[in-house]
$ cat my_file-v3.txt   # compact mmCIF, C-alpha atoms and all ligand atoms
# COMPACT_ATOMS: atom_id res chain seq x y z
CA MET A 1131 -122.06 -202.37 38.08
CA GLU A 1132 -122.96 -202.42 41.78
CA ARG A 1133 -125.76 -204.46 43.28
CA LEU A 1134 -128.66 -202.63 44.96
CA PRO A 1135 -128.14 -201.57 48.60
CA GLY A 1136 -129.52 -204.10 51.09
CA PHE A 1137 -129.38 -206.98 48.57
CA ARG A 1138 -126.94 -209.86 48.67
CA ASP A 1139 -124.82 -211.94 46.31
CA PHE A 1140 -124.23 -215.48 47.56
CA TYR A 1141 -120.85 -217.01 46.65
CA PRO A 1142 -119.75 -220.64 46.92
CA GLU A 1143 -117.11 -221.48 49.54
CA PRO A 1144 -114.23 -221.04 50.03
CA LEU A 1145 -115.03 -217.34 50.06
CA PRO A 1146 -112.35 -215.06 48.60
CA GLN A 1147 -113.27 -212.51 51.29
CA PRO A 1148 -114.64 -213.38 54.74
CA ASP A 1149 -117.41 -210.76 54.71
CA LEU A 1150 -119.10 -212.15 51.58
CA TRP A 1151 -122.39 -214.08 51.90
CA SER A 1152 -121.94 -217.82 51.55
CA ALA A 1153 -124.27 -219.83 49.31
CA ASP A 1154 -123.20 -222.94 51.23
CA ALA A 1155 -124.17 -221.43 54.58
CA ARG A 1156 -127.52 -220.44 53.11
CA GLN A 1157 -128.13 -224.00 51.91
CA TYR A 1158 -127.07 -225.34 55.31
CA ILE A 1159 -129.68 -223.14 57.00
CA PHE A 1160 -132.40 -224.08 54.50
CA ASP A 1161 -131.68 -227.80 54.99
CA LYS A 1162 -132.01 -227.53 58.78
CA TRP A 1163 -135.20 -225.46 58.52
CA ARG A 1164 -136.79 -227.95 56.13
CA SER A 1165 -135.76 -231.02 58.02
CA MET A 1166 -137.02 -229.78 61.41
CA ALA A 1167 -140.32 -228.53 59.93
CA ARG A 1168 -140.88 -231.97 58.39
CA ARG A 1169 -140.01 -233.73 61.65
CA TYR A 1170 -142.82 -231.74 63.26
CA GLY A 1171 -145.24 -232.84 60.55
CA PHE A 1172 -145.35 -229.55 58.60
CA ARG A 1173 -145.94 -229.63 54.82
CA GLU A 1174 -144.22 -227.22 52.42
CA TYR A 1175 -146.14 -224.61 50.41
CA ASP A 1176 -145.11 -221.56 48.38
CA GLY A 1177 -146.67 -218.51 46.76
CA PRO A 1178 -145.68 -215.76 44.31
CA PRO A 1179 -143.04 -213.15 45.26
CA LEU A 1180 -145.20 -210.44 43.64
CA GLU A 1181 -148.67 -209.76 45.01
CA PRO A 1182 -151.40 -207.14 44.57
CA LEU A 1183 -150.38 -204.16 46.72
CA GLU A 1184 -153.75 -204.29 48.44
CA LEU A 1185 -152.97 -207.65 50.06
CA PHE A 1186 -150.51 -205.87 52.35
CA THR A 1187 -151.84 -202.32 52.71
CA THR A 1188 -154.94 -203.20 54.70
CA LYS A 1189 -153.78 -206.18 56.75
CA SER A 1190 -150.21 -205.88 57.96
CA GLY A 1191 -150.22 -202.45 59.62
CA GLU A 1192 -148.54 -199.10 59.12
CA GLU A 1193 -144.98 -200.10 59.83
CA ILE A 1194 -144.74 -202.68 57.08
CA VAL A 1195 -146.73 -200.53 54.62
CA GLY A 1196 -144.01 -197.89 54.98
CA GLN A 1197 -141.47 -200.54 53.95
CA LEU A 1198 -143.20 -201.92 50.88
CA TYR A 1199 -141.25 -202.44 47.67
CA ASN A 1200 -144.18 -201.51 45.43
CA PHE A 1201 -144.67 -200.22 41.92
CA ILE A 1202 -147.10 -200.08 38.99
CA ASP A 1203 -146.51 -202.86 36.49
CA LYS A 1204 -146.90 -202.68 32.68
CA GLY A 1205 -150.54 -203.72 33.03
CA GLU A 1206 -151.20 -200.67 35.30
CA ARG A 1207 -151.59 -202.96 38.32
CA ALA A 1208 -150.48 -201.71 41.73
CA ILE A 1209 -148.24 -204.51 42.96
CA SER A 1210 -145.67 -205.18 45.64
CA LEU A 1211 -142.86 -207.59 46.33
CA ARG A 1212 -143.92 -209.62 49.38
CA PRO A 1213 -142.60 -208.12 52.65
CA GLU A 1214 -143.91 -211.15 54.57
CA MET A 1215 -145.60 -214.44 53.84
CA THR A 1216 -148.60 -214.41 56.19
CA PRO A 1217 -151.14 -212.51 53.98
CA THR A 1218 -150.29 -214.82 51.03
CA LEU A 1219 -150.80 -217.84 53.25
CA ALA A 1220 -154.12 -216.46 54.51
CA ARG A 1221 -155.25 -215.97 50.90
CA MET A 1222 -154.18 -219.49 49.91
CA ILE A 1223 -155.99 -220.99 52.91
CA ALA A 1224 -159.17 -219.03 52.24
CA ALA A 1225 -159.24 -220.37 48.66
CA TYR A 1226 -158.79 -224.09 49.38
CA GLU A 1227 -159.19 -224.80 53.11
CA ARG A 1228 -161.99 -227.27 52.40
CA GLY A 1229 -159.58 -229.58 50.68
CA TYR A 1230 -157.53 -230.05 53.87
CA LYS A 1231 -158.17 -231.79 57.19
CA LYS A 1232 -157.83 -229.42 60.13
CA PRO A 1233 -155.73 -228.39 61.83
CA PHE A 1234 -153.12 -228.18 59.12
CA LYS A 1235 -149.46 -227.41 59.58
CA TRP A 1236 -147.65 -225.72 56.71
CA PHE A 1237 -144.21 -224.22 56.22
CA ALA A 1238 -142.42 -222.14 53.55
CA LEU A 1239 -138.96 -220.62 52.98
CA PRO A 1240 -139.77 -217.42 51.03
CA GLN A 1241 -137.44 -214.58 50.10
CA LEU A 1242 -139.01 -211.37 51.40
CA PHE A 1243 -138.43 -207.72 50.51
CA ARG A 1244 -138.71 -204.69 52.76
CA TYR A 1245 -137.59 -201.21 51.76
CA GLU A 1246 -136.16 -200.36 55.16
CA ARG A 1247 -133.07 -198.59 56.35
CA GLN A 1248 -130.13 -200.96 56.07
CA GLN A 1249 -128.62 -201.77 59.48
CA LYS A 1250 -127.16 -204.66 61.46
CA GLY A 1251 -129.52 -207.63 61.09
CA ARG A 1252 -131.81 -205.76 58.70
CA LEU A 1253 -131.50 -205.83 54.92
CA ARG A 1254 -133.86 -205.08 52.04
CA GLU A 1255 -134.16 -208.76 51.23
CA HIS A 1256 -134.03 -211.81 53.47
CA PHE A 1257 -135.12 -215.42 53.61
CA GLN A 1258 -137.60 -216.39 56.26
CA PHE A 1259 -138.63 -219.77 57.61
CA ASN A 1260 -142.39 -219.57 58.13
CA ALA A 1261 -144.35 -222.25 59.96
CA ASP A 1262 -148.07 -221.86 60.64
CA ILE A 1263 -150.87 -223.94 62.13
CA ILE A 1264 -154.38 -223.29 60.81
CA GLY A 1265 -157.68 -224.31 62.34
CA GLU A 1266 -156.76 -224.81 66.01
CA ARG A 1267 -157.74 -222.52 68.90
CA ASP A 1268 -156.17 -224.55 71.69
CA PRO A 1269 -152.92 -223.17 73.20
CA ALA A 1270 -151.44 -226.64 72.56
CA ALA A 1271 -150.88 -225.33 69.02
CA ASP A 1272 -148.98 -222.28 70.31
CA ALA A 1273 -146.76 -224.57 72.38
CA GLU A 1274 -146.15 -226.85 69.40
CA LEU A 1275 -144.94 -223.88 67.32
CA ILE A 1276 -142.70 -222.56 70.07
CA ALA A 1277 -141.20 -226.04 70.47
CA LEU A 1278 -140.48 -225.99 66.74
CA VAL A 1279 -138.66 -222.64 67.07
CA ILE A 1280 -136.60 -224.05 69.95
CA ASP A 1281 -135.75 -227.32 68.22
CA THR A 1282 -134.85 -225.51 65.00
CA LEU A 1283 -132.40 -223.26 66.82
CA ARG A 1284 -131.03 -226.24 68.78
CA SER A 1285 -130.41 -228.11 65.53
CA PHE A 1286 -127.77 -225.46 64.72
CA GLY A 1287 -125.99 -226.19 68.01
CA LEU A 1288 -127.47 -223.23 69.92
CA THR A 1289 -128.39 -223.92 73.54
CA GLU A 1290 -130.43 -222.28 76.32
CA GLN A 1291 -127.28 -220.25 77.06
CA ASP A 1292 -127.51 -218.72 73.58
CA PHE A 1293 -131.18 -217.86 73.09
CA VAL A 1294 -134.51 -217.40 74.82
CA ILE A 1295 -138.13 -217.20 73.69
CA ARG A 1296 -139.85 -214.16 75.16
CA LEU A 1297 -143.50 -215.10 75.51
CA SER A 1298 -146.27 -212.54 75.77
CA SER A 1299 -149.91 -211.94 74.99
CA ARG A 1300 -151.82 -209.23 73.17
CA ASN A 1301 -154.87 -210.31 75.19
CA ALA A 1302 -153.06 -209.38 78.38
CA TRP A 1303 -152.17 -205.97 76.95
CA GLN A 1304 -155.71 -205.52 75.61
CA GLU A 1305 -157.09 -206.15 79.09
CA PHE A 1306 -154.57 -203.70 80.53
CA PHE A 1307 -155.65 -201.06 77.99
CA GLN A 1308 -159.38 -201.62 78.47
CA GLN A 1309 -159.17 -201.62 82.26
CA ARG A 1310 -157.71 -198.14 82.01
CA GLN A 1311 -160.49 -197.05 79.66
CA GLY A 1312 -158.18 -196.54 76.70
CA ASP A 1313 -159.80 -195.19 73.54
CA PRO A 1314 -160.50 -198.29 71.34
CA ALA A 1315 -159.44 -196.29 68.25
CA GLN A 1316 -156.00 -195.88 69.84
CA GLU A 1317 -155.50 -199.54 70.72
CA TYR A 1318 -153.13 -200.44 67.87
CA ALA A 1319 -151.24 -197.15 68.33
CA PHE A 1320 -150.81 -198.14 71.99
CA TYR A 1321 -149.44 -201.57 70.96
CA GLN A 1322 -146.90 -199.81 68.77
CA ILE A 1323 -145.70 -197.69 71.68
CA ILE A 1324 -145.16 -200.88 73.71
CA ASP A 1325 -143.43 -202.52 70.72
CA LYS A 1326 -140.92 -199.64 70.57
CA LEU A 1327 -140.41 -199.27 74.32
CA GLU A 1328 -136.97 -200.89 74.34
CA ARG A 1329 -135.75 -198.88 71.35
CA GLU A 1330 -137.00 -195.41 72.42
CA THR A 1331 -135.91 -193.11 75.25
CA PRO A 1332 -138.15 -193.23 78.36
CA GLU A 1333 -139.00 -189.54 77.76
CA ALA A 1334 -140.25 -190.21 74.23
CA SER A 1335 -142.32 -193.21 75.39
CA GLU A 1336 -143.72 -191.23 78.34
CA GLN A 1337 -144.79 -188.47 75.96
CA LYS A 1338 -146.58 -190.85 73.60
CA LEU A 1339 -148.25 -192.79 76.42
CA LYS A 1340 -149.52 -189.57 77.93
CA LEU A 1341 -151.39 -188.81 74.69
CA ALA A 1342 -153.08 -192.21 75.06
CA GLY A 1343 -153.98 -191.29 78.68
CA LEU A 1344 -151.43 -193.66 80.26
CA SER A 1345 -148.17 -193.38 82.16
CA LEU A 1346 -144.84 -195.10 81.66
CA ALA A 1347 -144.82 -196.04 85.36
CA GLU A 1348 -147.99 -198.17 85.11
CA VAL A 1349 -146.82 -199.76 81.86
CA SER A 1350 -143.43 -200.58 83.41
CA ALA A 1351 -145.08 -201.99 86.54
CA PHE A 1352 -147.24 -204.29 84.40
CA ILE A 1353 -144.19 -205.55 82.51
CA GLU A 1354 -142.23 -206.03 85.71
CA GLN A 1355 -144.83 -208.16 87.51
CA GLY A 1356 -144.70 -210.45 84.43
CA LYS A 1357 -147.45 -212.74 85.67
CA ALA A 1358 -148.45 -215.45 83.20
CA THR A 1359 -152.11 -215.38 82.11
CA ALA A 1360 -153.95 -218.73 82.31
CA GLU A 1361 -153.38 -219.22 78.58
CA LEU A 1362 -149.65 -218.50 78.84
CA GLN A 1363 -149.39 -220.83 81.85
CA THR A 1364 -150.88 -223.66 79.76
CA ILE A 1365 -148.19 -223.07 77.15
CA LEU A 1366 -145.44 -222.98 79.78
CA ASP A 1367 -146.72 -226.27 81.25
CA ASN A 1368 -146.83 -227.87 77.81
CA LEU A 1369 -143.23 -226.82 77.11
CA ALA A 1370 -142.15 -227.98 80.59
CA ALA A 1371 -143.56 -231.46 79.80
CA ARG A 1372 -141.24 -231.53 76.77
CA GLY A 1373 -138.26 -230.52 78.90
CA LEU A 1374 -138.04 -227.10 77.25
CA SER A 1375 -138.69 -224.75 80.21
CA GLU A 1376 -135.18 -223.32 80.15
CA TYR A 1377 -135.84 -221.81 76.75
CA VAL A 1378 -138.90 -219.65 77.56
CA LYS A 1379 -139.76 -216.74 79.79
CA ILE A 1380 -142.75 -214.43 80.13
CA ASP A 1381 -141.83 -210.97 78.88
CA TYR A 1382 -144.55 -208.40 78.28
CA HIS A 1383 -142.13 -206.11 76.43
CA VAL A 1384 -143.03 -208.24 73.42
CA ILE A 1385 -146.26 -207.27 71.67
CA ARG A 1386 -145.23 -207.51 67.96
CA GLY A 1387 -145.40 -204.68 65.43
CA LEU A 1388 -147.71 -206.28 62.85
CA ALA A 1389 -151.36 -205.28 63.09
CA TYR A 1390 -153.05 -208.67 62.69
CA TYR A 1391 -151.91 -210.45 65.86
CA THR A 1392 -154.75 -211.27 68.24
CA GLY A 1393 -153.49 -213.37 71.16
CA VAL A 1394 -150.30 -215.08 72.26
CA VAL A 1395 -147.18 -213.52 70.71
CA PHE A 1396 -143.50 -214.39 71.07
CA GLU A 1397 -140.01 -213.52 69.88
CA ALA A 1398 -136.69 -215.37 69.99
CA PHE A 1399 -133.64 -213.37 71.07
CA ASP A 1400 -130.00 -214.13 71.75
CA ARG A 1401 -129.40 -214.21 75.52
CA LYS A 1402 -126.75 -211.53 75.46
CA GLY A 1403 -129.05 -209.09 73.69
CA GLU A 1404 -126.47 -208.32 71.01
CA PHE A 1405 -128.71 -208.94 68.00
CA ARG A 1406 -132.16 -208.08 66.71
CA ALA A 1407 -134.95 -210.68 67.03
CA ILE A 1408 -134.08 -214.06 65.52
CA ALA A 1409 -137.73 -215.02 65.08
CA GLY A 1410 -141.17 -213.69 65.88
CA GLY A 1411 -144.75 -214.83 65.66
CA GLY A 1412 -148.10 -215.34 67.30
CA ARG A 1413 -151.83 -215.83 66.81
CA TYR A 1414 -153.75 -214.06 64.10
CA ASP A 1415 -157.24 -215.53 64.50
CA ASN A 1416 -159.00 -212.86 62.35
CA LEU A 1417 -156.72 -212.54 59.33
CA VAL A 1418 -158.15 -215.38 57.21
CA LYS A 1419 -161.64 -213.94 57.74
CA LEU A 1420 -160.46 -210.45 56.85
CA ILE A 1421 -158.67 -211.56 53.68
CA SER A 1422 -161.52 -213.79 52.53
CA GLY A 1423 -164.03 -210.95 52.95
CA GLY A 1424 -165.76 -212.86 55.77
CA LYS A 1425 -166.20 -216.10 53.77
CA VAL A 1426 -163.75 -218.26 55.74
CA ASP A 1427 -163.22 -217.97 59.46
CA LEU A 1428 -160.29 -220.01 60.78
CA PRO A 1429 -158.01 -219.44 63.75
CA ALA A 1430 -154.34 -219.36 62.84
CA LEU A 1431 -150.90 -218.87 64.31
CA GLY A 1432 -147.34 -218.98 63.11
CA PHE A 1433 -143.84 -217.56 63.19
CA GLY A 1434 -141.13 -216.24 60.89
CA MET A 1435 -137.39 -216.84 61.43
CA GLY A 1436 -135.00 -214.80 59.29
CA ASP A 1437 -131.68 -215.99 57.89
CA VAL A 1438 -129.78 -212.73 58.52
CA VAL A 1439 -129.77 -212.55 62.33
CA LEU A 1440 -129.50 -216.33 62.59
CA LEU A 1441 -126.35 -216.31 60.48
CA GLU A 1442 -124.84 -213.43 62.48
CA LEU A 1443 -125.47 -215.38 65.68
CA LEU A 1444 -124.07 -218.67 64.33
CA LYS A 1445 -120.94 -216.85 63.15
CA ALA A 1446 -120.51 -215.10 66.50
CA ARG A 1447 -120.81 -218.43 68.39
CA ALA A 1448 -118.52 -220.21 65.86
CA LEU A 1449 -121.27 -222.72 65.09
CA LEU A 1450 -121.02 -222.81 61.32
CA PRO A 1451 -119.39 -225.94 59.92
CA ARG A 1452 -116.64 -225.78 57.27
CA PHE A 1453 -118.14 -225.97 53.83
CA ASP A 1454 -115.75 -227.94 51.64
CA ALA A 1455 -116.52 -228.75 48.05
CA ALA A 1456 -116.17 -232.39 49.17
CA LEU A 1457 -115.90 -234.41 45.97
CA ASP A 1458 -116.12 -238.18 46.28
CA GLY A 1459 -113.74 -238.50 43.39
CA TYR A 1460 -111.64 -236.56 40.90
CA CYS A 1461 -110.89 -238.41 37.69
CA LEU A 1462 -107.36 -237.89 36.39
CA ILE A 1463 -107.09 -238.16 32.61
CA GLU A 1464 -103.39 -238.44 31.85
CA ASP A 1465 -103.70 -240.48 28.67
CA GLU A 1466 -105.98 -238.70 26.20
CA THR A 1467 -106.70 -241.97 24.35
CA LEU A 1468 -108.56 -242.98 27.55
CA ARG A 1469 -110.71 -239.81 27.73
CA ALA A 1470 -113.78 -241.57 26.29
CA ALA A 1471 -113.44 -244.48 28.73
CA SER A 1472 -112.89 -241.97 31.57
CA LEU A 1473 -116.03 -240.04 30.62
CA LYS A 1474 -117.98 -243.29 30.70
CA LEU A 1475 -116.65 -244.07 34.19
CA ILE A 1476 -117.43 -240.53 35.39
CA GLN A 1477 -121.02 -240.78 34.11
CA ASP A 1478 -121.51 -244.21 35.71
CA LEU A 1479 -120.24 -242.95 39.07
CA ARG A 1480 -122.46 -239.86 38.91
CA ALA A 1481 -125.44 -242.07 38.04
CA ALA A 1482 -124.64 -244.09 41.18
CA GLY A 1483 -124.92 -240.85 43.21
CA PHE A 1484 -121.24 -239.90 43.64
CA VAL A 1485 -119.94 -236.35 43.31
CA VAL A 1486 -117.26 -236.58 40.64
CA ASP A 1487 -115.30 -233.95 38.72
CA TYR A 1488 -112.42 -233.94 36.19
CA SER A 1489 -110.50 -231.64 33.89
CA LEU A 1490 -112.65 -230.60 30.92
CA THR A 1491 -109.64 -230.19 28.60
CA PRO A 1492 -106.23 -231.90 28.30
CA THR A 1493 -104.16 -230.71 31.27
CA LYS A 1494 -100.75 -231.59 32.71
CA SER A 1495 -101.06 -234.39 35.26
CA ASP A 1496 -99.54 -232.44 38.19
CA LYS A 1497 -102.08 -229.65 37.59
CA GLN A 1498 -104.91 -232.19 37.60
CA PHE A 1499 -103.68 -233.65 40.89
CA LYS A 1500 -103.41 -230.16 42.43
CA ARG A 1501 -106.97 -229.43 41.38
CA ALA A 1502 -108.16 -232.69 43.02
CA GLN A 1503 -106.54 -231.55 46.26
CA GLU A 1504 -107.95 -228.03 46.03
CA LEU A 1505 -111.43 -229.46 45.56
CA LYS A 1506 -110.91 -231.65 48.65
CA ALA A 1507 -111.56 -234.85 46.69
CA ALA A 1508 -111.68 -237.96 48.88
CA ASN A 1509 -110.20 -240.05 46.04
CA THR A 1510 -108.57 -239.74 42.68
CA LEU A 1511 -109.57 -242.17 39.94
CA LYS A 1512 -107.59 -243.07 36.88
CA VAL A 1513 -108.63 -245.33 34.00
CA GLU A 1514 -105.83 -247.62 32.84
CA ARG A 1515 -105.42 -250.70 30.66
CA ASN A 1516 -103.89 -253.77 32.23
CA LEU A 1517 -101.56 -256.16 30.38
CA ALA A 1518 -104.55 -258.12 29.09
CA GLY A 1519 -105.87 -254.87 27.61
CA GLU A 1520 -108.86 -254.63 30.04
CA LEU A 1521 -110.03 -251.28 31.39
CA MET A 1522 -109.20 -250.87 35.06
CA ALA A 1523 -109.76 -248.03 37.52
CA LYS A 1524 -106.99 -247.02 39.89
CA VAL A 1525 -108.66 -245.57 42.99
CA LYS A 1526 -106.46 -243.66 45.42
CA ASN A 1527 -107.76 -242.56 48.80
CA LEU A 1528 -106.13 -239.16 49.33
CA LYS A 1529 -106.36 -239.38 53.09
CA THR A 1530 -104.85 -242.84 53.68
CA ARG A 1531 -102.82 -242.78 50.41
CA GLN A 1532 -104.05 -246.33 49.87
CA GLU A 1533 -104.27 -247.32 46.22
CA THR A 1534 -106.35 -250.12 44.67
CA VAL A 1535 -106.84 -251.20 41.10
CA VAL A 1536 -110.23 -252.65 40.25
CA PRO A 1537 -112.16 -253.38 37.04
CA VAL A 1538 -113.97 -250.13 36.01
CA SER A 1539 -117.31 -251.81 36.71
CA GLU A 1540 -116.31 -252.11 40.39
CA ALA A 1541 -115.11 -248.53 40.85
CA ALA A 1542 -118.45 -247.43 42.33
CA THR A 1543 -118.31 -250.13 45.01
CA ARG A 1544 -114.74 -249.11 45.85
CA LEU A 1545 -115.72 -245.44 46.14
CA GLY A 1546 -118.66 -246.40 48.32
CA GLU A 1547 -116.30 -248.19 50.75
CA THR A 1548 -114.05 -245.14 51.11
CA LYS A 1549 -117.11 -242.99 51.76
CA GLY A 1550 -117.66 -245.11 54.87
P1 LIG B 1 -141.44 -210.32 61.52
O1 LIG B 1 -141.20 -210.15 63.00
O2 LIG B 1 -141.67 -209.10 60.73
O3 LIG B 1 -142.65 -211.33 61.38
O4 LIG B 1 -140.21 -211.10 60.90
C1 LIG B 1 -139.76 -212.33 61.45
C2 LIG B 1 -138.25 -212.41 61.46
O5 LIG B 1 -137.74 -212.15 60.14
C3 LIG B 1 -137.54 -211.36 62.32
O6 LIG B 1 -137.48 -211.80 63.65
C4 LIG B 1 -136.18 -211.27 61.66
O7 LIG B 1 -135.34 -212.35 62.06
C5 LIG B 1 -136.50 -211.47 60.20
N1 LIG B 1 -136.57 -210.18 59.48
C6 LIG B 1 -137.62 -209.34 59.38
N2 LIG B 1 -137.31 -208.26 58.64
C7 LIG B 1 -136.04 -208.41 58.25
C8 LIG B 1 -135.12 -207.65 57.45
N3 LIG B 1 -135.47 -206.50 56.89
N4 LIG B 1 -133.86 -208.13 57.26
C9 LIG B 1 -133.49 -209.30 57.80
N5 LIG B 1 -134.30 -210.07 58.55
C10 LIG B 1 -135.56 -209.63 58.78
C11 LIG B 1 -143.26 -211.65 60.19
O8 LIG B 1 -142.82 -211.39 59.11
C12 LIG B 1 -144.52 -212.49 60.37
N6 LIG B 1 -145.19 -212.58 59.07
C13 LIG B 1 -144.17 -213.86 60.93
C14 LIG B 1 -145.37 -214.74 61.09
C15 LIG B 1 -145.64 -215.88 60.40
N7 LIG B 1 -146.36 -214.53 61.94
C16 LIG B 1 -147.26 -215.50 61.79
N8 LIG B 1 -146.84 -216.31 60.86

$ encode --input "my_file-v3.txt" --output "C-alpha cells"
Amino acid sequence: MERLPGFRDFYPEPLPQPDLWSADARQYIFDKWRSMARRYGFREYDGPPLEPLELFTTKSGEEIVGQLYNFIDKGERAISLRPEMTPTLARMIAAYERGYKKPFKWFALPQLFRYERQQKGRLREHFQFNADIIGERDPAADAELIALVIDTLRSFGLTEQDFVIRLSSRNAWQEFFQQRQGDPAQEYAFYQIIDKLERETPEASEQKLKLAGLSLAEVSAFIEQGKATAELQTILDNLAARGLSEYVKIDYHVIRGLAYYTGVVFEAFDRKGEFRAIAGGGRYDNLVKLISGGKVDLPALGFGMGDVVLLELLKARALLPRFDAALDGYCLIEDETLRAASLKLIQDLRAAGFVVDYSLTPTKSDKQFKRAQELKAANTLKVERNLAGELMAKVKNLKTRQETVVPVSEAATRLGETKG
C-alpha cells in the first residue's frame, strides 16, 4: 500500500535510505522554532486541522482556493483541511481578543494541506512555523517579526551569506496602481501579475499587464528604483539598530499571493536563488474585521516558515547535526536471576531523567553489548552481587572504557557524572 502523493512518512534515524524524511530532523526544526518564538515573547496556540470550507474561500484569494483539500463530511458539511493558519487565527482572535492585553504575540506549528502540483519545495502537506502580532499598527511590530525570522534562520547556523529577507509593500504597489488610474476592480489581479513576474516569461507578463492598462517597462522601472517608502525605511532603521541590516533588502518583486495582505510584505529566500521561498508574511489589517463580520477590528501581521524548503537548504549547506539515538545507558542483563533487580535499576534511572534501554528478553551477552554500541549508549550498566551479597551496579563508560562499581542506589549519580 503506497502513501498518497505529496505526503510524507517520517522515519527515526539512522535512515535506511538517505532520501527518506527524518523524524529527528523534524523534531530538531520544531525545537528551534519553538525556542526562538518563546525567546521573542510569543505564546503558543493551536486550532483544528479541519475547518468550514467558507473560512478559506472568501478570505485567502483565488490561488489558495484552487489548492484546497476539501470535501463534504458525513454531516453534509462543506469542510476543508487547513491550507494555512491565518484565517483560523483571525477567527480565534475575533472570539476572545478581549481576554488578552494588546498587542499580543502568538505562534503555532500547524501541519497544513494544499492540493497543489508536487514539485521541489512544494508538497501536499507541510509544517509551518507561524508567528503573528495582533493589535499593533506601528512598523516596530513589522521589524520585530522580521528580526524573529532572521534569528530563527540564524539559530540553524545560516548566515547573511545564505539567506536574505526581501522587503516590500503592498501600499507602494497600490500607490503605483492608483497613480496610473488602474481599475480598482483589477487591483488584486494586478498584484497577482506582479507576484508571478519572476516565474513567467516577459511576453506573458507584458500581455497580462496590457489588459490592466500597464506596461512591463514601467513596472520594471518601479522595481528597479527600489526606493524604500517612509514606512519601510523605519523598519530598515529598526533592524539596523539590532545589527541586522545585512539580512534585509528592499525588493518590490515581492507582493505576496494571498489576498488579505494590506501593507508591508516580505519573503525570505536563499541567497543563491536555488530554492523556493523559505518564509513569507506581512500585514493583514482587515482580516480580523472581515472574519468577525465587522465586530472586531484589529490590525495584525505575521509570517509562515515552512519545513520543506528549510530542510532542503539545511541539507544543501550541510547544517544538519547527526541524530544519534544517544542513550545515557544500556543495561546488560547477563544473569537472568538479576532481571528483577535490573528492571528496578532501569526504572529508577528513567525516573531520574536518564534515557535507558535494555534487552526485553533473555539474549546472549555479546548481542546485548553489540546492541548497546549500535544505539550509541554512553554507558553500559550491569547489576551484580558483591561477596557480601549486596546489589551493585557496574557502570562502564563506552568512550573512555573506564569501569566503576557502585551500590545500585548511586548508579544515577555515576551516570550523571559521565553525562558531564
Ligand atoms: P505562504 O507564503 O503561503 O504564507 O506560506 C509560507 C511558507 O510556507 C512558504 O514560504 C513555504 O516555505 C511554505 N509552504 C507553502 N506552501 C507549501 C507547500 N505546498 N509545500 C511546502 N511548503 C510550503 C502563508 O501561508 C501565510 N498564511 C503566512 C502568514 C502568517 N501570513 C501572516 N501570518

$ closest_residue --input "my_file-v3.txt" --among "A:Leu1428, A:Ala1319, A:Ile1295, A:Ala1409" --to "ligand LIG 1 (chain B)" --atoms "all atoms listed in the file"
A:Ala1409

$ closest_residue --input "my_file-v3.txt" --among "A:Asn1368, A:Thr1392, A:Ser1190, A:Gln1532" --to "Gly1412 in chain A" --atoms "only C-alpha atoms"
A:Thr1392

$ residues_near_ligand --input "my_file-v3.txt" --ligand "ligand LIG 1 (chain B)" --cutoff "6 Å" --atoms "all atoms listed in the file" --output "VMD selection string"
chain A and resid 1214 to 1216 1244 1251 to 1254 1256 1258 1260 1262 1407 to 1412 1431 to 1436 1438 to 1439

$ closest_residue --input "my_file-v3.txt" --among "A:Gln1311, A:Ser1165, A:Gln1241, A:Thr1187" --to "Asp1281 in chain A" --atoms "all atoms listed in the file"
A:Ser1165

$ residues_around --input "my_file-v3.txt" --residues "Ser1285 in chain A" --least-positions-apart "5" --cutoff "12 Å" --atoms "all atoms listed in the file" --output "list of chain:residue names"
A:Tyr1158, A:Ile1159, A:Phe1160, A:Asp1161, A:Lys1162, A:Trp1163, A:Arg1164, A:Ser1165, A:Met1166, A:Ala1167, A:Arg1169, A:Leu1278, A:Val1279, A:Ile1280, A:Leu1444, A:Leu1449, A:Leu1450

$ atom_distance --input "my_file-v3.txt" --atom1 "CA of Glu1328 in chain A" --atom2 "CA of Phe1307 in chain A"
19.0 Å

$ atom_distance --input "my_file-v3.txt" --atom1 "CA of Arg1531 in chain A" --atom2 "CA of Val1485 in chain A"
19.6 Å

$ closest_residue --input "my_file-v3.txt" --among "A:Leu1468, A:Leu1440, A:Val1418, A:Leu1297" --to "Thr1282 in chain A" --atoms "all atoms listed in the file"
A:Leu1440

$ atom_distance --input "my_file-v3.txt" --atom1 "CA of Asp1465 in chain A" --atom2 "CA of Glu1514 in chain A"
8.5 Å

$ residues_around --input "my_file-v3.txt" --residues "Gly1356 in chain A" --least-positions-apart "4" --cutoff "9 Å" --atoms "all atoms listed in the file" --output "PyMOL selection string"
chain A and resi 1351-1352+1380-1382

$ residues_around --input "my_file-v3.txt" --residues "Thr1188 in chain A" --least-positions-apart "5" --cutoff "10 Å" --atoms "all atoms listed in the file" --output "PyMOL selection string"
chain A and resi 1183+1195+1389-1390+1420-1421

$ residues_around --input "my_file-v3.txt" --residues "range 1132-1148 of chain A" --least-positions-apart "3" --cutoff "7 Å" --atoms "all atoms listed in the file" --output "list of chain:residue names"
A:Trp1151, A:Ser1152, A:Ala1153, A:Asp1154, A:Gln1248, A:Leu1253, A:Arg1254, A:Glu1255, A:Phe1453, A:Asp1454

$ closest_residue --input "my_file-v3.txt" --among "A:Glu1520, A:Glu1274, A:Gln1316, A:Val1486" --to "Asp1367 in chain A" --atoms "only C-alpha atoms"
A:Glu1274

$ closest_residue --input "my_file-v3.txt" --among "A:Arg1212, A:Lys1549, A:Arg1267, A:Lys1232" --to "Leu1185 in chain A" --atoms "only C-alpha atoms"
A:Arg1212

$ residues_around --input "my_file-v3.txt" --residues "Ala1273 in chain A" --least-positions-apart "6" --cutoff "9 Å" --atoms "only C-alpha atoms" --output "PyMOL selection string"
chain A and resi 1364-1366+1368-1369

$ write_last_selection --input "my_file-v3.txt" --atoms "C-alpha atoms" --output "compact mmCIF listing (two decimals), keeping the file's coordinate frame"
# COMPACT_ATOMS: atom_id res chain seq x y z
CA THR A 1364 -150.88 -223.66 79.76
CA ILE A 1365 -148.19 -223.07 77.15
CA LEU A 1366 -145.44 -222.98 79.78
CA ASN A 1368 -146.83 -227.87 77.81
CA LEU A 1369 -143.23 -226.82 77.11
